[in-house]
file entry.cif (mmCIF, C-alpha atoms and all ligand atoms)
data_entry
#
loop_
_atom_site.label_atom_id
_atom_site.label_comp_id
_atom_site.auth_asym_id
_atom_site.auth_seq_id
_atom_site.Cartn_x
_atom_site.Cartn_y
_atom_site.Cartn_z
CA MET A 3 0.00 0.00 0.00
CA LYS A 4 1.53 3.31 -1.06
CA ILE A 5 0.34 6.25 0.94
CA ALA A 6 0.88 9.93 0.16
CA VAL A 7 0.66 11.93 3.37
CA PHE A 8 -0.13 15.62 2.77
CA SER A 9 0.32 18.63 5.08
CA THR A 10 2.97 16.66 6.96
CA LYS A 11 4.63 18.13 10.02
CA PRO A 12 7.62 16.53 11.78
CA TYR A 13 5.34 15.09 14.49
CA ASP A 14 3.05 13.40 11.88
CA GLN A 15 6.05 11.70 10.29
CA GLU A 16 7.42 10.66 13.68
CA TYR A 17 4.14 9.05 14.78
CA PHE A 18 3.45 7.29 11.45
CA GLU A 19 6.98 5.91 11.31
CA ASN A 20 6.90 4.75 14.94
CA PHE A 21 3.54 3.01 14.68
CA ASN A 22 3.90 1.58 11.18
CA ASP A 23 5.93 -1.47 12.26
CA LYS A 24 2.78 -3.56 12.62
CA LYS A 25 1.47 -2.76 9.12
CA ASP A 26 4.51 -2.08 6.96
CA PHE A 27 2.86 0.47 4.68
CA GLU A 28 4.97 2.60 2.34
CA PHE A 29 4.59 6.26 3.30
CA THR A 30 5.75 9.32 1.37
CA PHE A 31 5.47 12.57 3.28
CA PHE A 32 4.64 15.83 1.55
CA GLU A 33 4.79 19.13 3.41
CA THR A 34 2.41 20.74 0.96
CA SER A 35 -1.34 20.57 1.41
CA LEU A 36 -3.51 18.60 -1.01
CA ASN A 37 -5.50 20.71 -3.45
CA GLN A 38 -6.18 21.02 -7.17
CA VAL A 39 -2.64 22.20 -7.85
CA THR A 40 -0.82 19.51 -5.83
CA ALA A 41 -3.15 16.55 -6.50
CA ASP A 42 -0.85 15.17 -9.24
CA LEU A 43 1.77 14.45 -6.56
CA ALA A 44 -0.44 11.51 -5.57
CA ASN A 45 0.26 9.78 -8.90
CA GLY A 46 1.26 6.18 -8.19
CA PHE A 47 -0.25 6.11 -4.68
CA ASN A 48 -3.25 4.06 -3.52
CA VAL A 49 -4.16 6.33 -0.62
CA VAL A 50 -3.94 10.01 0.24
CA CYS A 51 -3.78 10.87 3.93
CA VAL A 52 -4.96 14.41 4.70
CA PHE A 53 -5.70 16.85 7.52
CA VAL A 54 -8.01 19.75 8.34
CA ASN A 55 -6.75 22.34 5.85
CA ASP A 56 -6.33 20.16 2.78
CA HIS A 57 -8.81 21.12 0.07
CA ILE A 58 -10.42 18.02 -1.37
CA ASP A 59 -12.93 19.59 -3.70
CA ASP A 60 -14.52 18.21 -6.85
CA LYS A 61 -11.60 19.09 -9.13
CA THR A 62 -9.04 17.57 -6.71
CA ILE A 63 -11.12 14.41 -6.41
CA LYS A 64 -11.41 14.04 -10.21
CA ILE A 65 -7.61 14.24 -10.49
CA LEU A 66 -7.13 11.71 -7.66
CA SER A 67 -9.61 9.34 -9.25
CA LYS A 68 -7.93 9.63 -12.68
CA ILE A 69 -4.47 8.81 -11.28
CA GLY A 70 -5.72 5.75 -9.42
CA VAL A 71 -6.11 6.86 -5.80
CA GLY A 72 -8.83 4.80 -4.10
CA LEU A 73 -8.97 6.11 -0.56
CA ILE A 74 -8.94 9.49 1.17
CA ALA A 75 -7.86 8.86 4.77
CA LEU A 76 -8.60 11.88 6.95
CA ARG A 77 -6.44 11.97 10.06
CA CYS A 78 -9.04 14.14 11.81
CA ALA A 79 -12.70 13.97 12.80
CA GLY A 80 -14.18 16.88 10.79
CA PHE A 81 -14.75 16.31 7.07
CA ASN A 82 -16.11 19.69 5.95
CA ASN A 83 -13.09 20.03 3.61
CA VAL A 84 -14.05 17.02 1.46
CA ASP A 85 -16.66 17.11 -1.33
CA LEU A 86 -18.37 13.86 -0.35
CA GLU A 87 -20.78 13.87 -3.25
CA SER A 88 -17.92 14.11 -5.71
CA ALA A 89 -16.02 11.35 -3.84
CA ARG A 90 -19.04 9.04 -4.13
CA LYS A 91 -19.54 9.84 -7.84
CA ASN A 92 -15.84 9.24 -8.55
CA ASP A 93 -15.73 6.03 -6.53
CA LEU A 94 -13.29 7.26 -3.89
CA LYS A 95 -13.81 6.04 -0.35
CA VAL A 96 -13.42 8.51 2.51
CA VAL A 97 -12.48 7.45 6.05
CA ARG A 98 -11.79 9.51 9.15
CA VAL A 99 -10.80 9.26 12.81
CA PRO A 100 -14.17 9.83 14.46
CA ALA A 101 -12.91 10.12 18.03
CA TYR A 102 -9.38 10.53 19.22
CA SER A 103 -9.49 11.84 22.71
CA PRO A 104 -12.37 14.27 22.96
CA GLU A 105 -10.86 15.18 26.34
CA ALA A 106 -7.83 16.68 24.56
CA VAL A 107 -10.03 19.27 22.81
CA ALA A 108 -12.31 19.82 25.82
CA GLU A 109 -9.32 20.40 28.12
CA HIS A 110 -7.88 22.91 25.65
CA ALA A 111 -11.20 24.82 25.65
CA VAL A 112 -10.88 25.00 29.45
CA ALA A 113 -7.27 26.17 29.11
CA LEU A 114 -8.48 29.03 26.89
CA ILE A 115 -11.14 29.98 29.46
CA LEU A 116 -8.71 29.99 32.38
CA THR A 117 -5.94 31.80 30.53
CA LEU A 118 -8.28 34.52 29.24
CA ASN A 119 -9.90 34.91 32.64
CA ARG A 120 -6.89 34.78 34.99
CA LYS A 121 -4.40 36.18 32.44
CA THR A 122 -1.68 33.70 33.35
CA HIS A 123 0.02 34.32 29.97
CA LYS A 124 0.45 37.99 30.91
CA ALA A 125 1.49 37.24 34.49
CA TYR A 126 4.14 34.82 33.22
CA ASN A 127 5.72 37.50 31.02
CA ARG A 128 5.46 40.17 33.70
CA VAL A 129 7.20 38.14 36.37
CA ARG A 130 10.01 37.21 33.97
CA GLU A 131 10.64 40.95 33.60
CA ALA A 132 10.54 41.49 37.37
CA ASN A 133 7.14 43.20 37.12
CA PHE A 134 5.24 41.88 40.13
CA SER A 135 2.30 44.27 39.82
CA LEU A 136 -1.27 42.92 39.72
CA ASN A 137 -2.72 45.88 37.85
CA LYS A 138 -5.24 44.78 35.18
CA LEU A 139 -4.78 41.09 36.01
CA ILE A 140 -8.12 40.79 37.81
CA GLY A 141 -10.30 37.84 36.77
CA PHE A 142 -13.63 36.38 37.88
CA ASN A 143 -14.70 33.17 39.63
CA ILE A 144 -15.77 30.45 37.22
CA TYR A 145 -17.69 28.88 40.11
CA LYS A 146 -21.48 29.36 39.73
CA LYS A 147 -21.19 30.97 36.30
CA THR A 148 -23.57 29.85 33.55
CA VAL A 149 -21.74 28.05 30.76
CA GLY A 150 -23.53 27.59 27.43
CA VAL A 151 -22.48 24.64 25.31
CA ILE A 152 -23.43 24.42 21.63
CA GLY A 153 -23.21 20.75 20.66
CA THR A 154 -23.01 18.03 23.30
CA GLY A 155 -21.40 15.28 21.25
CA LYS A 156 -18.14 13.67 22.30
CA ILE A 157 -16.14 16.87 22.87
CA GLY A 158 -19.04 18.96 24.18
CA SER A 159 -19.89 16.22 26.71
CA ALA A 160 -16.28 15.99 27.91
CA PHE A 161 -16.31 19.79 28.27
CA CYS A 162 -19.60 19.71 30.26
CA ARG A 163 -18.15 17.12 32.65
CA ILE A 164 -15.12 19.32 33.36
CA MET A 165 -17.17 22.49 33.82
CA LYS A 166 -19.51 20.62 36.18
CA GLY A 167 -16.44 20.08 38.35
CA PHE A 168 -15.93 23.85 38.50
CA GLY A 169 -19.42 24.21 40.00
CA CYS A 170 -20.93 25.90 36.94
CA LYS A 171 -24.52 25.87 35.79
CA ILE A 172 -24.48 24.27 32.36
CA ILE A 173 -27.05 24.95 29.68
CA ALA A 174 -26.78 23.45 26.22
CA TYR A 175 -28.26 23.39 22.75
CA ASP A 176 -28.12 20.29 20.58
CA GLU A 177 -30.68 18.80 18.21
CA TYR A 178 -30.11 15.51 20.04
CA LYS A 179 -30.23 15.61 23.83
CA SER A 180 -27.81 13.36 25.67
CA GLU A 181 -29.36 11.42 28.54
CA GLU A 182 -25.95 11.14 30.14
CA MET A 183 -25.58 14.93 30.11
CA GLU A 184 -29.08 15.44 31.50
CA LYS A 185 -28.21 13.02 34.30
CA ILE A 186 -25.21 15.12 35.34
CA GLY A 187 -27.42 18.23 35.37
CA VAL A 188 -26.98 19.78 31.93
CA GLU A 189 -30.15 21.68 31.03
CA TYR A 190 -31.09 21.75 27.34
CA LYS A 191 -32.55 25.00 25.98
CA SER A 192 -33.10 26.61 22.59
CA GLN A 193 -30.01 28.05 20.92
CA ASP A 194 -31.31 31.60 21.48
CA LEU A 195 -31.79 30.99 25.21
CA VAL A 196 -28.30 29.54 25.50
CA PHE A 197 -26.96 32.66 23.80
CA LYS A 198 -29.03 34.92 26.08
CA GLU A 199 -28.39 33.31 29.47
CA SER A 200 -24.70 32.33 29.37
CA ASP A 201 -21.64 34.01 30.87
CA ILE A 202 -19.37 31.79 28.79
CA ILE A 203 -20.28 30.12 25.47
CA SER A 204 -18.26 27.23 24.08
CA LEU A 205 -18.84 25.90 20.55
CA HIS A 206 -18.63 22.13 20.00
CA CYS A 207 -20.84 21.52 16.97
CA PRO A 208 -19.61 20.68 13.46
CA LEU A 209 -19.36 23.21 10.63
CA THR A 210 -22.29 22.76 8.25
CA PRO A 211 -24.21 25.18 6.01
CA ASP A 212 -26.62 25.59 8.98
CA THR A 213 -23.96 26.36 11.58
CA LYS A 214 -21.73 28.60 9.42
CA HIS A 215 -21.45 32.05 11.05
CA MET A 216 -23.79 31.07 13.91
CA ILE A 217 -21.86 33.66 15.92
CA ASN A 218 -22.66 36.86 14.04
CA ARG A 219 -23.88 40.41 14.65
CA ASP A 220 -27.44 39.23 15.53
CA SER A 221 -26.53 36.33 17.81
CA VAL A 222 -23.92 38.42 19.67
CA GLU A 223 -26.59 41.09 20.21
CA MET A 224 -28.62 38.57 22.24
CA MET A 225 -25.70 37.78 24.56
CA SER A 226 -24.88 39.36 27.89
CA ASP A 227 -22.43 42.27 27.85
CA GLY A 228 -18.87 41.10 28.34
CA ILE A 229 -19.64 37.54 27.17
CA MET A 230 -16.75 35.09 26.83
CA ILE A 231 -16.85 33.08 23.57
CA ILE A 232 -14.69 29.99 23.08
CA ASN A 233 -14.32 28.22 19.74
CA THR A 234 -12.30 25.02 19.43
CA SER A 235 -14.56 23.61 16.73
CA ARG A 236 -14.25 25.20 13.27
CA GLY A 237 -13.34 28.79 12.42
CA ALA A 238 -16.29 29.53 10.16
CA LEU A 239 -18.77 29.05 13.04
CA ILE A 240 -17.85 32.67 13.79
CA ASP A 241 -18.25 35.61 11.40
CA THR A 242 -14.83 37.17 11.92
CA ALA A 243 -15.75 40.71 10.81
CA ASP A 244 -18.80 40.72 13.12
CA ILE A 245 -16.83 39.48 16.14
CA ILE A 246 -14.20 42.17 15.55
CA ASP A 247 -16.97 44.81 15.63
CA ALA A 248 -18.39 43.27 18.82
CA LEU A 249 -14.93 43.28 20.46
CA SER A 250 -14.37 46.90 19.41
CA GLN A 251 -17.71 47.88 20.96
CA LYS A 252 -16.79 45.92 24.14
CA LYS A 253 -19.93 43.79 23.74
CA VAL A 254 -17.74 40.67 23.68
CA GLY A 255 -15.48 40.68 26.72
CA TYR A 256 -13.27 37.72 25.88
CA LEU A 257 -12.64 35.62 22.79
CA GLY A 258 -10.65 32.37 22.85
CA ILE A 259 -10.21 30.63 19.51
CA ASP A 260 -8.24 27.60 18.45
CA VAL A 261 -9.68 27.78 14.94
CA TYR A 262 -10.06 30.67 12.51
CA GLU A 263 -12.08 30.94 9.33
CA GLN A 264 -9.06 31.94 7.21
CA GLU A 265 -6.61 29.69 9.07
CA GLU A 266 -5.60 27.73 5.99
CA ASN A 267 -2.79 30.11 4.98
CA LEU A 268 -1.57 30.72 8.53
CA PHE A 269 -1.96 27.89 10.98
CA PHE A 270 0.66 25.15 11.40
CA LYS A 271 3.28 27.42 9.76
CA ASP A 272 6.10 29.53 11.19
CA LEU A 273 5.46 32.94 9.61
CA SER A 274 7.51 34.90 12.11
CA GLU A 275 9.72 36.34 9.35
CA SER A 276 6.87 36.93 6.88
CA ILE A 277 4.61 39.89 6.20
CA ILE A 278 1.15 38.70 7.14
CA GLN A 279 -1.42 39.82 4.58
CA ASP A 280 -4.48 38.81 6.58
CA ASP A 281 -5.68 42.05 8.21
CA LEU A 282 -8.46 40.33 10.16
CA ILE A 283 -6.11 38.10 12.15
CA LEU A 284 -3.82 41.08 12.78
CA ARG A 285 -6.79 43.02 14.17
CA LEU A 286 -7.79 40.05 16.34
CA ILE A 287 -4.24 39.70 17.68
CA SER A 288 -4.29 43.39 18.61
CA PHE A 289 -7.07 42.92 21.22
CA PRO A 290 -5.78 42.30 24.76
CA ASN A 291 -8.82 40.11 25.50
CA VAL A 292 -8.40 37.76 22.54
CA LEU A 293 -6.43 34.54 22.83
CA ILE A 294 -5.60 32.60 19.68
CA THR A 295 -3.98 29.18 19.46
CA SER A 296 -3.32 27.65 16.06
CA HIS A 297 -5.51 24.54 15.95
CA GLN A 298 -3.64 22.75 18.71
CA ALA A 299 -6.60 21.59 20.83
CA PHE A 300 -6.23 18.00 19.57
CA PHE A 301 -2.47 17.98 20.12
CA THR A 302 -1.75 15.59 22.97
CA GLN A 303 0.32 12.41 22.99
CA GLU A 304 -2.80 10.33 23.58
CA ALA A 305 -4.65 11.92 20.67
CA MET A 306 -1.69 11.57 18.28
CA GLU A 307 -1.41 7.85 19.12
CA GLU A 308 -5.12 7.35 18.55
CA ILE A 309 -5.08 9.31 15.27
CA THR A 310 -2.13 7.30 13.98
CA ASN A 311 -3.45 3.87 15.01
CA THR A 312 -6.98 4.51 13.71
CA THR A 313 -5.65 5.87 10.41
CA LEU A 314 -3.41 2.81 9.97
CA ASP A 315 -6.37 0.51 10.80
CA ASN A 316 -8.60 2.41 8.35
CA ILE A 317 -6.04 1.98 5.58
CA GLU A 318 -5.63 -1.72 6.44
CA ASP A 319 -9.41 -2.24 6.22
CA PHE A 320 -9.28 -0.74 2.73
CA GLN A 321 -6.24 -2.82 1.75
CA GLN A 322 -7.90 -6.04 2.92
CA GLY A 323 -11.24 -5.18 1.29
CA ARG A 324 -12.98 -5.25 4.67
CA ALA A 325 -15.96 -3.08 5.60
CA LEU A 326 -14.74 0.45 6.34
CA LYS A 327 -15.93 1.03 9.90
CA ASN A 328 -14.91 4.68 9.86
CA GLU A 329 -16.20 5.49 6.38
CA VAL A 330 -17.72 8.95 5.90
CA LEU A 331 -20.86 8.56 3.85
CA GLN A 332 -22.61 11.40 2.12
P1 LIG B 1 -19.65 14.89 17.58
O1 LIG B 1 -20.19 14.49 16.25
O2 LIG B 1 -19.43 13.85 18.63
O3 LIG B 1 -20.60 16.01 18.23
C1 LIG B 1 -21.11 17.10 17.52
C2 LIG B 1 -22.44 17.45 18.17
O4 LIG B 1 -22.94 18.64 17.57
C3 LIG B 1 -23.53 16.37 17.98
O5 LIG B 1 -24.11 16.03 19.22
C4 LIG B 1 -24.53 17.05 17.05
O6 LIG B 1 -25.88 16.62 17.29
C5 LIG B 1 -24.34 18.49 17.42
N1 LIG B 1 -24.83 19.44 16.42
C6 LIG B 1 -24.93 19.30 15.08
N2 LIG B 1 -25.46 20.41 14.54
C7 LIG B 1 -25.70 21.26 15.57
C8 LIG B 1 -26.25 22.55 15.66
N3 LIG B 1 -26.68 23.20 14.57
N4 LIG B 1 -26.34 23.12 16.88
C9 LIG B 1 -25.95 22.48 17.99
N5 LIG B 1 -25.42 21.24 17.97
C10 LIG B 1 -25.32 20.64 16.77
O7 LIG B 1 -18.32 15.69 17.27
P2 LIG B 1 -17.10 15.97 18.27
O8 LIG B 1 -16.13 14.86 18.19
O9 LIG B 1 -17.65 16.38 19.59
O10 LIG B 1 -16.43 17.23 17.54
C11 LIG B 1 -17.06 18.49 17.45
C12 LIG B 1 -16.29 19.38 16.51
O11 LIG B 1 -15.01 19.68 17.09
C13 LIG B 1 -15.91 18.71 15.17
O12 LIG B 1 -16.95 18.88 14.23
C14 LIG B 1 -14.67 19.43 14.76
O13 LIG B 1 -15.03 20.48 13.89
C15 LIG B 1 -14.11 20.01 16.05
N6 LIG B 1 -12.78 19.49 16.40
C16 LIG B 1 -11.78 20.37 16.63
C17 LIG B 1 -10.50 19.93 16.99
C18 LIG B 1 -9.36 20.87 17.29
O14 LIG B 1 -8.20 20.44 17.39
N7 LIG B 1 -9.60 22.16 17.47
C19 LIG B 1 -10.27 18.55 17.09
C20 LIG B 1 -11.33 17.67 16.86
C21 LIG B 1 -12.57 18.15 16.51
#
call {"tool": "encode", "arguments": {"input": "entry.cif", "output": "structure tokens"}}
result
Amino acid sequence: MKIAVFSTKPYDQEYFENFNDKKDFEFTFFETSLNQVTADLANGFNVVCVFVNDHIDDKTIKILSKIGVGLIALRCAGFNNVDLESARKNDLKVVRVPAYSPEAVAEHAVALILTLNRKTHKAYNRVREANFSLNKLIGFNIYKKTVGVIGTGKIGSAFCRIMKGFGCKIIAYDEYKSEEMEKIGVEYKSQDLVFKESDIISLHCPLTPDTKHMINRDSVEMMSDGIMIINTSRGALIDTADIIDALSQKKVGYLGIDVYEQEENLFFKDLSESIIQDDLILRLISFPNVLITSHQAFFTQEAMEEITNTTLDNIEDFQQGRALKNEVLQ
């Protein structure tokens, strides 16, 4: 089995090479992302292995199909970057890693909340410069605050469990209520009520045409003044221009994001010596109450092991002609 791995970082290569001994697949690692322009690199490979910012649209899929690729193996859970209809029409199978440590992402959402609130990132820098002043470092108790959770699937549920431990009131919106969450005291409400009643809102639903820009001028208007919004899900859940306006008007008090709508040209790259052309991210970075991490919520040892092992198993299922248990169907 010849596998072309796109958007490879040193840690991807390290994990695939370390865990491949059981399968003996032949990997070739490309740093570039997969898209219409780079698709021809997959010539001679059976499988392409891709990540969140690869662009597997109709044109890319047609090229992959023509050059004999049979499987698109996503090494992530989300699949909004794959044209599934085109994959089906062109007879390409798509598999993913449905769950690889939801706790990793949930814990990162909590890290964003605590850092934004207690400003530990600023305190760390201050103390290193012998500035022991507390001015402007004041936070608030998380205890007894109302936390609104949009989407109580695997990650949202893990997040609710942690926030329960902080003594928060948790309200949630999901089309499907989880009995387990109700048992631990999560109260389901309409999306509008969750927006209206929360002190902190954390997004854990997938990106779909329905959820795109769910955080926009109108939804922010419903929220309490000084609301904290956390997004570890997908960037396009938030309308970036609208959130910048809301931050400027001090309607939004804190924004913690691990994902960004235009992240494709920025995240996972060292651009410290480059001129960044994206004015929206530069504006976001300029706010003292905005914390941005570059899609690292999944990035724990446990999650990387799970991603690697599941991806190798998915490819083996395909190789052996077995049912694809992690197939993404349209
Ligand atoms: P999941 O499928 O287990 O849960 C998603 C939940 O969202 C489901 O319960 C679903 O019913 C609900 N949902 C769907 N549409 C909704 C809507 N309009 N409003 C409210 N809820 C809705 O998925 P998961 O494993 O919990 O992952 C959630 C998202 O997290 C993924 O879609 C992915 O985009 C993101 N993610 C991010 C990272 C990261 O590193 N930042 C890593 C993994 C996943």
call {"tool": "residues_around", "arguments": {"input": "entry.cif", "residues": "Ile144 of chain A", "least_positions_apart": "2", "cutoff": "8 Å", "atoms": "only C-alpha atoms", "output": "list in words"}}
result
Phe142, Lys146, Lys147, Phe168, Gly169 and Cys170 of chain A
call {"tool": "residues_near_point", "arguments": {"input": "entry.cif", "point": "(-14.6, 15.3, -8.5)", "cutoff": "8 Å", "atoms": "only C-alpha atoms", "output": "ChimeraX atom specification"}}
result
/A:59-65,67,85,88-89,91-92
call {"tool": "closest_atom_pairs", "arguments": {"input": "entry.cif", "of": "chain A", "to": "ligand LIG 1 (chain B)", "cutoff": "6 Å", "atoms": "all atoms listed in the file", "output": "CSV"}}
result
residue,atom,partner,partner_atom,distance
A:Ala79,CA,B:LIG1,C21,5.6
A:Gly80,CA,B:LIG1,C14,4.7
A:Ala101,CA,B:LIG1,O8,5.7
A:Val107,CA,B:LIG1,C19,5.8
A:Ile152,CA,B:LIG1,C9,4.8
A:Gly153,CA,B:LIG1,N5,3.5
A:Thr154,CA,B:LIG1,O5,4.7
A:Gly155,CA,B:LIG1,O3,3.2
A:Lys156,CA,B:LIG1,O9,3.9
A:Ile157,CA,B:LIG1,O9,3.6
A:Gly158,CA,B:LIG1,O9,5.4
A:Tyr175,CA,B:LIG1,C9,5.4
A:Asp176,CA,B:LIG1,N5,3.9
A:Glu177,CA,B:LIG1,O6,5.4
A:Tyr178,CA,B:LIG1,O6,5.2
A:His206,CA,B:LIG1,C11,4.7
A:Cys207,CA,B:LIG1,O4,3.6
A:Pro208,CA,B:LIG1,O12,3.3
A:Thr213,CA,B:LIG1,N3,5.1
A:Thr234,CA,B:LIG1,N7,4.4
A:Ser235,CA,B:LIG1,C15,3.7
A:Arg236,CA,B:LIG1,O13,4.8
A:Asp260,CA,B:LIG1,N7,5.7
A:His297,CA,B:LIG1,N7,5.0
A:Gln298,CA,B:LIG1,O14,5.3
A:Ala299,CA,B:LIG1,O14,4.0
A:Phe300,CA,B:LIG1,O14,3.8
call {"tool": "atom_distance", "arguments": {"input": "entry.cif", "atom1": "atom CA of Asp93 of chain A", "atom2": "atom CA of Asn55 of chain A"}}
result
22.4 Å
call {"tool": "residues_around", "arguments": {"input": "entry.cif", "residues": "Ile240 of chain A", "least_positions_apart": "2", "cutoff": "7 Å", "atoms": "all atoms listed in the file", "output": "list in words"}}
result
His215, Met216, Ile217, Asn218, Gly237, Ala238 and Thr242 of chain A
call {"tool": "residues_around", "arguments": {"input": "entry.cif", "residues": "Val84 of chain A", "least_positions_apart": "5", "cutoff": "12 Å", "atoms": "all atoms listed in the file", "output": "short mmCIF file (atom, residue, chain, number, x, y, z; two decimals) with C-alpha atoms, in the frame of the given file"}}
result
data_model
loop_
_atom_site.label_atom_id
_atom_site.label_comp_id
_atom_site.auth_asym_id
_atom_site.auth_seq_id
_atom_site.Cartn_x
_atom_site.Cartn_y
_atom_site.Cartn_z
CA LEU A 36 -3.51 18.60 -1.01
CA ASN A 37 -5.50 20.71 -3.45
CA VAL A 52 -4.96 14.41 4.70
CA PHE A 53 -5.70 16.85 7.52
CA VAL A 54 -8.01 19.75 8.34
CA ASN A 55 -6.75 22.34 5.85
CA ASP A 56 -6.33 20.16 2.78
CA HIS A 57 -8.81 21.12 0.07
CA ILE A 58 -10.42 18.02 -1.37
CA ASP A 59 -12.93 19.59 -3.70
CA ASP A 60 -14.52 18.21 -6.85
CA LYS A 61 -11.60 19.09 -9.13
CA THR A 62 -9.04 17.57 -6.71
CA ILE A 63 -11.12 14.41 -6.41
CA ILE A 74 -8.94 9.49 1.17
CA ALA A 75 -7.86 8.86 4.77
CA LEU A 76 -8.60 11.88 6.95
CA CYS A 78 -9.04 14.14 11.81
CA ALA A 79 -12.70 13.97 12.80
CA ALA A 89 -16.02 11.35 -3.84
CA ARG A 90 -19.04 9.04 -4.13
CA LEU A 94 -13.29 7.26 -3.89
CA LYS A 95 -13.81 6.04 -0.35
CA VAL A 96 -13.42 8.51 2.51
CA VAL A 97 -12.48 7.45 6.05
CA ARG A 98 -11.79 9.51 9.15
CA VAL A 330 -17.72 8.95 5.90
CA LEU A 331 -20.86 8.56 3.85
CA GLN A 332 -22.61 11.40 2.12
#
call {"tool": "closest_residue", "arguments": {"input": "entry.cif", "among": "A:His110, A:Lys171, A:Lys198, A:Arg120", "to": "Asn143 of chain A", "atoms": "all atoms listed in the file"}}
result
A:Arg120
call {"tool": "atom_distance", "arguments": {"input": "entry.cif", "atom1": "atom CA of Tyr126 of chain A", "atom2": "atom CA of Leu284 of chain A"}}
result
22.8 Å
call {"tool": "axis_aligned_box", "arguments": {"input": "entry.cif", "around": "segment 84-89 of chain A", "padding_each_side": "4 Å", "output": "lines of an AutoDock Vina configuration file"}}
result
center_x = -17.4
center_y = 14.2
center_z = -2.1
size_x = 14.7
size_y = 13.8
size_z = 15.2
call {"tool": "residues_around", "arguments": {"input": "entry.cif", "residues": "Gly255 of chain A", "least_positions_apart": "4", "cutoff": "8 Å", "atoms": "all atoms listed in the file", "output": "list in words"}}
result
Asp227, Gly228, Ile229, Met230, Leu249 and Asn291 of chain A
call {"tool": "closest_residue", "arguments": {"input": "entry.cif", "among": "A:Asn233, A:Asn267, A:Asn133, A:Asn22", "to": "Leu293 of chain A", "atoms": "only C-alpha atoms"}}
result
A:Asn233
call {"tool": "closest_residue", "arguments": {"input": "entry.cif", "among": "A:Glu87, A:Tyr262, A:Ser296, A:Thr122", "to": "Asp280 of chain A", "atoms": "all atoms listed in the file"}}
result
A:Tyr262
